[in-house]
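Here is entry_17.cif, consisting of mmCIF, C-alpha atoms:
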```cif
data_start
loop_
_atom_site.group_PDB
_atom_site.id
_atom_site.type_symbol
_atom_site.label_atom_id
_atom_site.label_comp_id
_atom_site.auth_asym_id
_atom_site.auth_seq_id
_atom_site.Cartn_x
_atom_site.Cartn_y
_atom_site.Cartn_z
ATOM 1 C CA MET G 1363 17.359 -4.086 -4.995
ATOM 2 C CA GLN G 1364 15.622 -0.726 -5.152
ATOM 3 C CA ALA G 1365 12.310 -2.366 -4.262
ATOM 4 C CA ASN G 1366 14.001 -4.237 -1.434
ATOM 5 C CA GLU G 1367 15.328 -0.996 0.035
ATOM 6 C CA ARG G 1368 11.895 0.646 -0.216
ATOM 7 C CA GLN G 1369 9.810 -2.221 1.111
ATOM 8 C CA LEU G 1370 12.036 -4.069 3.585
ATOM 9 C CA LEU G 1371 14.882 -3.434 5.973
ATOM 10 C CA PRO G 1372 18.391 -3.558 4.465
ATOM 11 C CA LEU G 1373 19.380 -7.086 3.416
ATOM 12 C CA GLU G 1374 22.122 -8.718 1.408
ATOM 13 C CA VAL G 1375 20.472 -10.388 -1.595
ATOM 14 C CA ALA G 1376 22.015 -13.014 -3.905
ATOM 15 C CA PRO G 1377 19.965 -14.682 -6.687
ATOM 16 C CA LEU G 1378 20.434 -18.462 -6.912
ATOM 17 C CA THR G 1379 19.513 -18.825 -10.604
ATOM 18 C CA SER G 1380 20.811 -17.233 -13.788
ATOM 19 C CA THR G 1381 17.353 -15.868 -14.596
ATOM 20 C CA PHE G 1382 16.035 -13.884 -11.674
ATOM 21 C CA PHE G 1383 12.539 -12.563 -11.012
ATOM 22 C CA ALA G 1384 11.191 -10.714 -7.994
ATOM 23 C CA ARG G 1385 8.142 -8.616 -7.214
ATOM 24 C CA LEU G 1386 7.435 -6.757 -3.990
ATOM 25 C CA ARG G 1387 4.342 -4.884 -2.968
ATOM 26 C CA GLY G 1388 4.108 -3.033 0.329
ATOM 27 C CA GLN G 1389 1.646 -1.014 2.369
ATOM 28 C CA ASP G 1390 2.038 0.982 5.568
ATOM 29 C CA LEU G 1391 -0.762 0.106 7.992
ATOM 30 C CA LEU G 1392 -1.560 1.979 11.177
ATOM 31 C CA GLN G 1393 0.715 -0.090 13.403
ATOM 32 C CA SER G 1394 2.786 -2.181 11.040
ATOM 33 C CA ARG G 1395 4.307 -2.568 7.585
ATOM 34 C CA LEU G 1396 2.847 -5.192 5.238
ATOM 35 C CA VAL G 1397 4.836 -6.622 2.300
ATOM 36 C CA TYR G 1398 3.980 -9.293 -0.261
ATOM 37 C CA ILE G 1399 6.959 -10.846 -2.032
ATOM 38 C CA ALA G 1400 7.255 -13.237 -4.969
ATOM 39 C CA SER G 1401 10.627 -14.310 -6.323
ATOM 40 C CA SER G 1402 12.689 -16.988 -7.950
ATOM 41 C CA PRO G 1403 15.184 -18.777 -5.631
ATOM 42 C CA VAL G 1404 17.292 -16.330 -3.671
ATOM 43 C CA ARG G 1405 19.568 -16.133 -0.653
ATOM 44 C CA VAL G 1406 19.086 -13.187 1.672
ATOM 45 C CA ALA G 1407 21.047 -12.322 4.782
ATOM 46 C CA ARG G 1408 20.605 -9.833 7.567
ATOM 47 C CA THR G 1409 24.213 -9.608 8.652
ATOM 48 C CA PRO G 1410 25.312 -8.561 12.154
ATOM 49 C CA ARG G 1411 26.173 -5.135 10.768
ATOM 50 C CA LEU G 1412 22.721 -4.704 9.243
ATOM 51 C CA ALA G 1413 20.934 -6.192 12.261
ATOM 52 C CA ALA G 1414 22.676 -3.656 14.481
ATOM 53 C CA GLN G 1415 20.830 -0.900 12.596
ATOM 54 C CA THR G 1416 17.463 -2.096 13.961
ATOM 55 C CA ASP G 1417 15.851 0.398 16.311
ATOM 56 C CA GLY G 1418 15.629 -1.822 19.408
ATOM 57 C CA ASP G 1419 14.948 -5.508 19.996
ATOM 58 C CA HIS G 1420 11.163 -5.097 20.018
ATOM 59 C CA ILE G 1421 10.645 -5.084 16.245
ATOM 60 C CA PHE G 1422 9.546 -8.425 14.808
ATOM 61 C CA LYS G 1423 8.645 -9.806 11.405
ATOM 62 C CA LEU G 1424 5.736 -12.198 11.004
ATOM 63 C CA VAL G 1425 5.861 -14.359 7.857
ATOM 64 C CA TRP G 1426 3.169 -16.502 6.214
ATOM 65 C CA GLN G 1427 4.641 -18.954 3.703
ATOM 66 C CA LEU G 1428 2.277 -19.000 0.702
ATOM 67 C CA ARG G 1429 4.131 -20.921 -2.026
ATOM 68 C CA GLY G 1430 7.516 -22.510 -2.548
ATOM 69 C CA GLY G 1431 9.727 -23.038 0.463
ATOM 70 C CA ALA G 1432 12.587 -21.666 2.505
ATOM 71 C CA LEU G 1433 15.252 -22.603 5.000
ATOM 72 C CA MET G 1434 15.797 -19.967 7.670
ATOM 73 C CA THR G 1435 18.762 -19.911 10.061
ATOM 74 C CA GLN G 1436 18.883 -17.624 13.078
ATOM 75 C CA GLY G 1437 20.722 -18.033 16.350
ATOM 76 C CA GLY G 1438 22.161 -21.384 15.315
ATOM 77 C CA GLN G 1439 18.699 -22.810 14.671
ATOM 78 C CA THR G 1440 17.408 -23.771 11.218
ATOM 79 C CA ILE G 1441 13.731 -24.164 10.370
ATOM 80 C CA ARG G 1442 11.999 -25.277 7.175
ATOM 81 C CA LEU G 1443 9.130 -23.112 5.970
ATOM 82 C CA ALA G 1444 6.517 -24.584 3.635
ATOM 83 C CA PRO G 1445 3.048 -23.432 2.542
ATOM 84 C CA GLY G 1446 0.723 -23.580 5.521
ATOM 85 C CA LYS G 1447 3.439 -22.525 7.964
ATOM 86 C CA MET G 1448 4.230 -19.180 9.572
ATOM 87 C CA THR G 1449 7.032 -17.871 11.742
ATOM 88 C CA ILE G 1450 7.988 -14.785 13.713
ATOM 89 C CA TYR G 1451 11.487 -13.521 14.372
ATOM 90 C CA ARG G 1452 13.318 -10.515 15.772
ATOM 91 C CA LEU G 1453 14.904 -8.141 13.271
ATOM 92 C CA SER G 1454 17.732 -7.143 15.617
ATOM 93 C CA SER G 1455 19.155 -10.689 15.349
ATOM 94 C CA PRO G 1456 21.129 -11.706 12.224
ATOM 95 C CA TYR G 1457 19.588 -14.374 10.018
ATOM 96 C CA GLN G 1458 19.863 -16.079 6.635
ATOM 97 C CA LEU G 1459 17.060 -17.229 4.362
ATOM 98 C CA HIS G 1460 17.448 -19.587 1.387
ATOM 99 C CA THR G 1461 14.320 -19.857 -0.755
ATOM 100 C CA HIS G 1462 13.464 -22.424 -3.395
ATOM 101 C CA GLY G 1463 10.759 -22.969 -5.971
ATOM 102 C CA ASP G 1464 8.172 -20.299 -6.746
ATOM 103 C CA TYR G 1465 8.669 -18.440 -3.473
ATOM 104 C CA ARG G 1466 5.784 -16.300 -2.234
ATOM 105 C CA ALA G 1467 5.224 -14.947 1.248
ATOM 106 C CA LEU G 1468 3.343 -12.259 3.134
ATOM 107 C CA MET G 1469 5.409 -10.421 5.721
ATOM 108 C CA LEU G 1470 4.248 -8.136 8.513
ATOM 109 C CA LYS G 1471 6.776 -5.966 10.331
ATOM 110 C CA VAL G 1472 5.372 -4.989 13.717
ATOM 111 C CA ASP G 1473 6.730 -3.018 16.678
ATOM 112 C CA LEU G 1474 5.790 -4.725 19.963
ATOM 113 C CA ALA G 1475 7.373 -2.162 22.295
ATOM 114 C CA ASP G 1476 3.968 -1.147 23.692
ATOM 115 C CA MET G 1477 2.530 -4.682 23.700
ATOM 116 C CA PRO G 1478 4.486 -6.515 26.429
ATOM 117 C CA GLU G 1479 2.286 -9.611 26.554
ATOM 118 C CA TRP G 1480 2.540 -10.075 22.790
ATOM 119 C CA ARG G 1481 6.273 -9.400 22.879
ATOM 120 C CA ARG G 1482 6.821 -12.153 25.451
ATOM 121 C CA LEU G 1483 4.749 -14.482 23.322
ATOM 122 C CA ALA G 1484 6.701 -13.557 20.174
ATOM 123 C CA GLU G 1485 9.967 -14.253 21.999
ATOM 124 C CA ARG G 1486 8.745 -17.710 23.043
ATOM 125 C CA CYS G 1487 7.617 -18.561 19.507
ATOM 126 C CA GLU G 1488 10.591 -16.896 17.803
ATOM 127 C CA GLY G 1489 12.170 -18.925 15.053
ATOM 128 C CA LEU G 1490 9.594 -21.731 15.038
ATOM 129 C CA ALA G 1491 7.661 -23.074 12.052
ATOM 130 C CA ILE G 1492 4.087 -22.793 13.320
ATOM 131 C CA PRO G 1493 1.079 -24.285 11.517
ATOM 132 C CA VAL G 1494 -1.393 -21.762 10.112
ATOM 133 C CA ASP G 1495 -4.659 -22.563 11.879
ATOM 134 C CA ALA G 1496 -8.107 -21.200 11.006
ATOM 135 C CA ALA G 1497 -7.562 -17.978 12.976
ATOM 136 C CA ALA G 1498 -4.163 -17.266 11.401
ATOM 137 C CA HIS G 1499 -5.629 -18.033 7.966
ATOM 138 C CA ALA G 1500 -8.414 -15.503 8.597
ATOM 139 C CA ALA G 1501 -5.805 -12.933 9.613
ATOM 140 C CA LEU G 1502 -3.870 -13.644 6.418
ATOM 141 C CA ALA G 1503 -6.986 -13.094 4.303
ATOM 142 C CA ALA G 1504 -7.798 -9.830 6.110
ATOM 143 C CA LEU G 1505 -4.283 -8.470 5.632
ATOM 144 C CA ARG G 1506 -4.152 -9.388 1.943
ATOM 145 C CA VAL G 1507 -7.278 -7.275 1.465
ATOM 146 C CA GLN G 1508 -5.299 -4.340 2.882
ATOM 147 C CA LEU G 1509 -2.847 -4.583 -0.009
ATOM 148 C CA ARG G 1510 -5.671 -4.301 -2.543
ATOM 149 C CA TRP G 1511 -7.495 -1.429 -0.827
ATOM 150 C CA GLY G 1512 -4.423 0.638 0.027
ATOM 151 C CA SER G 1513 -4.224 3.031 2.960
ATOM 152 C CA ASP G 1514 -7.665 3.494 4.472
ATOM 153 C CA PRO G 1515 -7.984 4.661 8.103
ATOM 154 C CA SER G 1516 -11.205 2.704 8.464
ATOM 155 C CA MET G 1517 -9.219 -0.510 7.984
ATOM 156 C CA GLY G 1518 -7.395 -0.005 11.288
ATOM 157 C CA HIS G 1519 -9.919 -2.215 13.031
ATOM 158 C CA VAL G 1520 -9.149 -4.982 10.534
ATOM 159 C CA GLU G 1521 -5.448 -4.708 11.346
ATOM 160 C CA ASP G 1522 -6.181 -4.903 15.089
ATOM 161 C CA ALA G 1523 -8.409 -7.932 14.598
ATOM 162 C CA ALA G 1524 -5.807 -9.654 12.419
ATOM 163 C CA LEU G 1525 -3.113 -9.186 15.051
ATOM 164 C CA GLU G 1526 -5.441 -10.499 17.763
ATOM 165 C CA LEU G 1527 -6.131 -13.586 15.645
ATOM 166 C CA VAL G 1528 -2.449 -14.247 14.941
ATOM 167 C CA PHE G 1529 -1.327 -13.914 18.530
ATOM 168 C CA GLY G 1530 -4.270 -16.028 19.603
ATOM 169 C CA SER G 1531 -2.866 -18.715 17.316
ATOM 170 C CA PHE G 1532 0.535 -18.334 18.965
ATOM 171 C CA TRP G 1533 -1.059 -18.716 22.410
ATOM 172 C CA ARG G 1534 -2.725 -21.932 21.352
ATOM 173 C CA TYR G 1535 0.475 -23.299 19.820
ATOM 174 C CA GLN G 1536 2.455 -22.384 22.925
ATOM 175 C CA ARG G 1537 -0.121 -23.979 25.191
ATOM 176 C CA GLU G 1538 -0.224 -27.195 23.180
ATOM 177 C CA GLN G 1539 3.445 -27.567 22.204
ATOM 178 C CA LEU G 1540 5.702 -25.482 24.402
ATOM 179 C CA TYR G 1541 4.913 -24.256 27.872
ATOM 180 C CA ASN G 1542 1.303 -25.268 28.549
ATOM 181 C CA ALA G 1543 0.544 -21.613 29.297
ATOM 182 C CA PRO G 1544 -3.069 -20.549 29.938
ATOM 183 C CA MET G 1545 -4.977 -18.772 27.193
ATOM 184 C CA PRO G 1546 -5.857 -15.141 27.931
ATOM 185 C CA SER G 1547 -9.581 -14.845 28.533
ATOM 186 C CA GLU G 1548 -11.850 -12.830 26.257
ATOM 187 C CA ARG G 1549 -12.257 -10.297 29.076
ATOM 188 C CA LEU G 1550 -8.505 -9.860 29.397
ATOM 189 C CA THR G 1551 -8.189 -9.363 25.647
ATOM 190 C CA LYS G 1552 -10.974 -6.758 25.737
ATOM 191 C CA ALA G 1553 -9.360 -5.096 28.760
ATOM 192 C CA ARG G 1554 -6.135 -4.673 26.824
ATOM 193 C CA ARG G 1555 -8.032 -3.080 23.939
ATOM 194 C CA VAL G 1556 -9.871 -0.669 26.268
ATOM 195 C CA VAL G 1557 -6.639 0.384 27.990
ATOM 196 C CA LEU G 1558 -4.867 1.003 24.665
ATOM 197 C CA GLU G 1559 -7.791 3.091 23.405
ATOM 198 C CA ARG G 1560 -7.673 5.241 26.559
ATOM 199 C CA LEU G 1561 -3.941 5.219 27.122
ATOM 200 C CA ALA G 1562 -3.745 9.020 27.160
ATOM 201 C CA ASP G 1563 -6.570 9.324 29.724
ATOM 202 C CA THR G 1564 -4.822 10.133 33.016
ATOM 203 C CA LEU G 1565 -8.106 9.616 34.891
ATOM 204 C CA LEU G 1566 -8.574 6.031 33.747
ATOM 205 C CA ALA G 1567 -9.069 3.919 36.870
ATOM 206 C CA PRO G 1568 -9.788 0.243 37.646
ATOM 207 C CA GLU G 1569 -13.423 1.185 38.235
ATOM 208 C CA ASP G 1570 -13.679 2.512 34.671
ATOM 209 C CA LEU G 1571 -12.145 -0.644 33.257
ATOM 210 C CA ALA G 1572 -14.453 -2.855 35.320
ATOM 211 C CA TYR G 1573 -17.458 -0.862 34.081
ATOM 212 C CA ALA G 1574 -16.338 -1.215 30.453
ATOM 213 C CA LEU G 1575 -16.073 -4.977 30.946
ATOM 214 C CA ASN G 1576 -19.426 -5.178 32.778
ATOM 215 C CA MET G 1577 -17.900 -6.746 35.886
ATOM 216 C CA SER G 1578 -17.050 -5.844 39.472
ATOM 217 C CA VAL G 1579 -13.730 -4.326 40.490
ATOM 218 C CA ARG G 1580 -13.015 -7.416 42.590
ATOM 219 C CA GLY G 1581 -13.742 -9.611 39.563
ATOM 220 C CA LEU G 1582 -11.405 -7.442 37.490
ATOM 221 C CA TYR G 1583 -8.526 -7.944 39.922
ATOM 222 C CA ASP G 1584 -9.233 -11.670 40.021
ATOM 223 C CA GLU G 1585 -9.113 -11.793 36.213
ATOM 224 C CA PHE G 1586 -5.702 -10.107 36.087
ATOM 225 C CA ARG G 1587 -4.397 -12.206 38.982
ATOM 226 C CA ARG G 1588 -5.387 -15.404 37.161
#
```
Hey, can you dump this file as structure tokens for me?
Amino acid sequence: MQANERQLLPLEVAPLTSTFFARLRGQDLLQSRLVYIASSPVRVARTPRLAAQTDGDHIFKLVWQLRGGALMTQGGQTIRLAPGKMTIYRLSSPYQLHTHGDYRALMLKVDLADMPEWRRLAERCEGLAIPVDAAAHAALAALRVQLRWGSDPSMGHVEDAALELVFGSFWRYQREQLYNAPMPSERLTKARRVVLERLADTLLAPEDLAYALNMSVRGLYDEFRR
């Protein structure tokens, strides 16, 4: 319980076996909080009272299921998580999770307040069991390295790349299964990165962004319009 309080947001935890084992390992990254968890079967709940303590509805948890399984219920919807699946859900909404077997998962708590396009995507994919494709698997591998290396400012680029890979996977899943939405182009993804890097620059103009992307201003507007 002490580890739970240190590593995760407040939860109600109830072991489902007489002999209980759990191990948590966490690391603060530049933009997010990364936690690896291994445990025997357990029931956890984020009650309405606990969910109300979340600082806004823009904080999400991304989960890769590594071993064992789980049933997650949120908003009247229940999904089954098995190895090779991932999900994302909002921490301001109550939920229950029942695990079974040798449960192991990697969890990433991320604040999407300043990432509106990713937040909309997270909301559309919220509470779904999504297959881990090659890109999401690469992101998983990159983030697990973070746990071994500890806090290292030079690893910030790895975190950024991992998030890009994961949300790229969500875009593909959404396009294929949900809303047939267009994939963001590589230029649009790079444009977002350039804007975030220069967010404090009050002189940043469309001409500067077009130059950084090696394209005309008219082409830039066309890219955003598309």
I would like the residues chosen by the PyMOL selection byres ((chain G and resi 1379-1383) around 9) on the shown file; could you give them as a CSV table (one decimal) with C-alpha atoms, in the frame of the given file?
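Here's the written file selection_24.csv:
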```csv
chain,number,residue,atom,x,y,z
G,1377,PRO,CA,20.0,-14.7,-6.7
G,1378,LEU,CA,20.4,-18.5,-6.9
G,1384,ALA,CA,11.2,-10.7,-8.0
G,1385,ARG,CA,8.1,-8.6,-7.2
G,1400,ALA,CA,7.3,-13.2,-5.0
G,1401,SER,CA,10.6,-14.3,-6.3
G,1402,SER,CA,12.7,-17.0,-8.0
G,1403,PRO,CA,15.2,-18.8,-5.6
G,1404,VAL,CA,17.3,-16.3,-3.7
```
Give me, please, the distance in Å between CA of Thr1449 (chain G) and CA of Asp1495 (chain G), quoted to one decimal.
12.6 Å
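Considering the residues G:His1519, G:Ala1553, G:Arg1560, G:Arg1588 and counting only C-alpha atoms, Asn1576 (chain G) has its shortest atom-to-atom contact with G:Ala1553.
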Closest of G:Lys1447, G:Arg1429, G:Lys1471, G:Arg1506 to Val1494 (chain G) - atom-to-atom distances counting all atoms listed in the file:
G:Lys1447
I'd like to know which of G:Arg1486, G:His1420, G:Arg1387, G:His1462 is closest to Arg1405 (chain G), using all atoms listed in the file.
G:His1462
Selected residue of minimal separation from Lys1552 (chain G) among G:Leu1565, G:Ala1572, G:Val1375, G:Val1406, counting only C-alpha atoms:
G:Ala1572
Evaluate the PyMOL selection byres ((chain G and resi 1500) around 12) and record the selected residues as a PyMOL selection string, following the chain and residue labels used in the document.
chain G and resi 1426+1494-1499+1501-1507+1520-1521+1523-1528+1530-1531
Residues at most 12 Å from Thr1440 (chain G), counting all atoms listed in the file, excluding those fewer than 3 positions away in the same chain, as a ChimeraX atom specification?
/G:1432-1437,1443,1449,1457-1460,1488-1491
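The interatomic distance for the pair CA of Gly1388 (chain G) and CA of Pro1456 (chain G) works out to 22.5 Å.
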Each side padded by 5 Å, which centre and which edge lengths in Å (one decimal) define the axis-aligned box around the listed atoms of region 1457-1470 of chain G? Give them as AutoDock Vina command-line options.
```
--center_x 11.6 --center_y -15.6 --center_z 1.6 --size_x 26.5 --size_y 24.8 --size_z 26.8
```
Missing atoms in region 1382-1410 of chain G need filling: write out N, CA and C atoms for it as a PDB file, in the coordinates of the input.
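Result file is out-v1.pdb:
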```
ATOM      1  N   PHE G1382      16.599 -14.276 -12.975  1.00  0.00           N
ATOM      2  CA  PHE G1382      16.035 -13.884 -11.674  1.00  0.00           C
ATOM      3  C   PHE G1382      14.785 -13.049 -11.860  1.00  0.00           C
ATOM      4  N   PHE G1383      13.785 -13.321 -11.014  1.00  0.00           N
ATOM      5  CA  PHE G1383      12.539 -12.563 -11.012  1.00  0.00           C
ATOM      6  C   PHE G1383      12.162 -12.260  -9.571  1.00  0.00           C
ATOM      7  N   ALA G1384      11.689 -11.055  -9.333  1.00  0.00           N
ATOM      8  CA  ALA G1384      11.191 -10.714  -7.994  1.00  0.00           C
ATOM      9  C   ALA G1384      10.176  -9.589  -8.108  1.00  0.00           C
ATOM     10  N   ARG G1385       9.156  -9.679  -7.261  1.00  0.00           N
ATOM     11  CA  ARG G1385       8.142  -8.616  -7.214  1.00  0.00           C
ATOM     12  C   ARG G1385       7.782  -8.380  -5.758  1.00  0.00           C
ATOM     13  N   LEU G1386       7.784  -7.128  -5.350  1.00  0.00           N
ATOM     14  CA  LEU G1386       7.435  -6.757  -3.990  1.00  0.00           C
ATOM     15  C   LEU G1386       6.335  -5.711  -4.017  1.00  0.00           C
ATOM     16  N   ARG G1387       5.408  -5.870  -3.102  1.00  0.00           N
ATOM     17  CA  ARG G1387       4.342  -4.884  -2.968  1.00  0.00           C
ATOM     18  C   ARG G1387       4.128  -4.614  -1.490  1.00  0.00           C
ATOM     19  N   GLY G1388       4.193  -3.357  -1.096  1.00  0.00           N
ATOM     20  CA  GLY G1388       4.108  -3.033   0.329  1.00  0.00           C
ATOM     21  C   GLY G1388       3.054  -1.993   0.638  1.00  0.00           C
ATOM     22  N   GLN G1389       2.655  -1.965   1.910  1.00  0.00           N
ATOM     23  CA  GLN G1389       1.646  -1.014   2.369  1.00  0.00           C
ATOM     24  C   GLN G1389       1.899  -0.709   3.837  1.00  0.00           C
ATOM     25  N   ASP G1390       1.959   0.579   4.168  1.00  0.00           N
ATOM     26  CA  ASP G1390       2.038   0.982   5.568  1.00  0.00           C
ATOM     27  C   ASP G1390       0.643   0.915   6.171  1.00  0.00           C
ATOM     28  N   LEU G1391       0.482   0.144   7.249  1.00  0.00           N
ATOM     29  CA  LEU G1391      -0.762   0.106   7.992  1.00  0.00           C
ATOM     30  C   LEU G1391      -0.643   1.065   9.177  1.00  0.00           C
ATOM     31  N   LEU G1392      -1.599   1.038  10.063  1.00  0.00           N
ATOM     32  CA  LEU G1392      -1.560   1.979  11.177  1.00  0.00           C
ATOM     33  C   LEU G1392      -0.475   1.623  12.181  1.00  0.00           C
ATOM     34  N   GLN G1393      -0.249   0.332  12.397  1.00  0.00           N
ATOM     35  CA  GLN G1393       0.715  -0.090  13.403  1.00  0.00           C
ATOM     36  C   GLN G1393       1.877  -0.884  12.824  1.00  0.00           C
ATOM     37  N   SER G1394       1.820  -1.238  11.579  1.00  0.00           N
ATOM     38  CA  SER G1394       2.786  -2.181  11.040  1.00  0.00           C
ATOM     39  C   SER G1394       3.044  -1.897   9.561  1.00  0.00           C
ATOM     40  N   ARG G1395       3.968  -2.667   9.003  1.00  0.00           N
ATOM     41  CA  ARG G1395       4.307  -2.568   7.585  1.00  0.00           C
ATOM     42  C   ARG G1395       4.053  -3.926   6.951  1.00  0.00           C
ATOM     43  N   LEU G1396       3.256  -3.958   5.892  1.00  0.00           N
ATOM     44  CA  LEU G1396       2.847  -5.192   5.238  1.00  0.00           C
ATOM     45  C   LEU G1396       3.523  -5.281   3.871  1.00  0.00           C
ATOM     46  N   VAL G1397       4.134  -6.433   3.572  1.00  0.00           N
ATOM     47  CA  VAL G1397       4.836  -6.622   2.300  1.00  0.00           C
ATOM     48  C   VAL G1397       4.511  -8.000   1.740  1.00  0.00           C
ATOM     49  N   TYR G1398       4.141  -8.038   0.466  1.00  0.00           N
ATOM     50  CA  TYR G1398       3.980  -9.293  -0.261  1.00  0.00           C
ATOM     51  C   TYR G1398       5.183  -9.438  -1.181  1.00  0.00           C
ATOM     52  N   ILE G1399       5.784 -10.626  -1.200  1.00  0.00           N
ATOM     53  CA  ILE G1399       6.959 -10.846  -2.032  1.00  0.00           C
ATOM     54  C   ILE G1399       6.800 -12.121  -2.830  1.00  0.00           C
ATOM     55  N   ALA G1400       7.192 -12.061  -4.091  1.00  0.00           N
ATOM     56  CA  ALA G1400       7.255 -13.237  -4.969  1.00  0.00           C
ATOM     57  C   ALA G1400       8.604 -13.189  -5.663  1.00  0.00           C
ATOM     58  N   SER G1401       9.306 -14.329  -5.695  1.00  0.00           N
ATOM     59  CA  SER G1401      10.627 -14.310  -6.323  1.00  0.00           C
ATOM     60  C   SER G1401      11.048 -15.711  -6.731  1.00  0.00           C
ATOM     61  N   SER G1402      12.005 -15.749  -7.648  1.00  0.00           N
ATOM     62  CA  SER G1402      12.689 -16.988  -7.950  1.00  0.00           C
ATOM     63  C   SER G1402      13.661 -17.262  -6.794  1.00  0.00           C
ATOM     64  N   PRO G1403      14.311 -18.442  -6.761  1.00  0.00           N
ATOM     65  CA  PRO G1403      15.184 -18.777  -5.631  1.00  0.00           C
ATOM     66  C   PRO G1403      16.228 -17.697  -5.352  1.00  0.00           C
ATOM     67  N   VAL G1404      16.411 -17.414  -4.078  1.00  0.00           N
ATOM     68  CA  VAL G1404      17.292 -16.330  -3.671  1.00  0.00           C
ATOM     69  C   VAL G1404      17.842 -16.627  -2.278  1.00  0.00           C
ATOM     70  N   ARG G1405      19.004 -16.066  -2.000  1.00  0.00           N
ATOM     71  CA  ARG G1405      19.568 -16.133  -0.653  1.00  0.00           C
ATOM     72  C   ARG G1405      19.635 -14.717  -0.102  1.00  0.00           C
ATOM     73  N   VAL G1406      19.039 -14.503   1.041  1.00  0.00           N
ATOM     74  CA  VAL G1406      19.086 -13.187   1.672  1.00  0.00           C
ATOM     75  C   VAL G1406      19.721 -13.335   3.049  1.00  0.00           C
ATOM     76  N   ALA G1407      20.387 -12.290   3.481  1.00  0.00           N
ATOM     77  CA  ALA G1407      21.047 -12.322   4.782  1.00  0.00           C
ATOM     78  C   ALA G1407      20.906 -10.971   5.458  1.00  0.00           C
ATOM     79  N   ARG G1408      20.555 -11.026   6.714  1.00  0.00           N
ATOM     80  CA  ARG G1408      20.605  -9.833   7.567  1.00  0.00           C
ATOM     81  C   ARG G1408      21.836 -10.029   8.447  1.00  0.00           C
ATOM     82  N   THR G1409      22.918  -9.419   8.006  1.00  0.00           N
ATOM     83  CA  THR G1409      24.213  -9.608   8.652  1.00  0.00           C
ATOM     84  C   THR G1409      24.232  -8.921  10.015  1.00  0.00           C
ATOM     85  N   PRO G1410      25.213  -9.259  10.866  1.00  0.00           N
ATOM     86  CA  PRO G1410      25.312  -8.561  12.154  1.00  0.00           C
ATOM     87  C   PRO G1410      25.389  -7.043  12.001  1.00  0.00           C
TER      88      PRO G1410
END
```
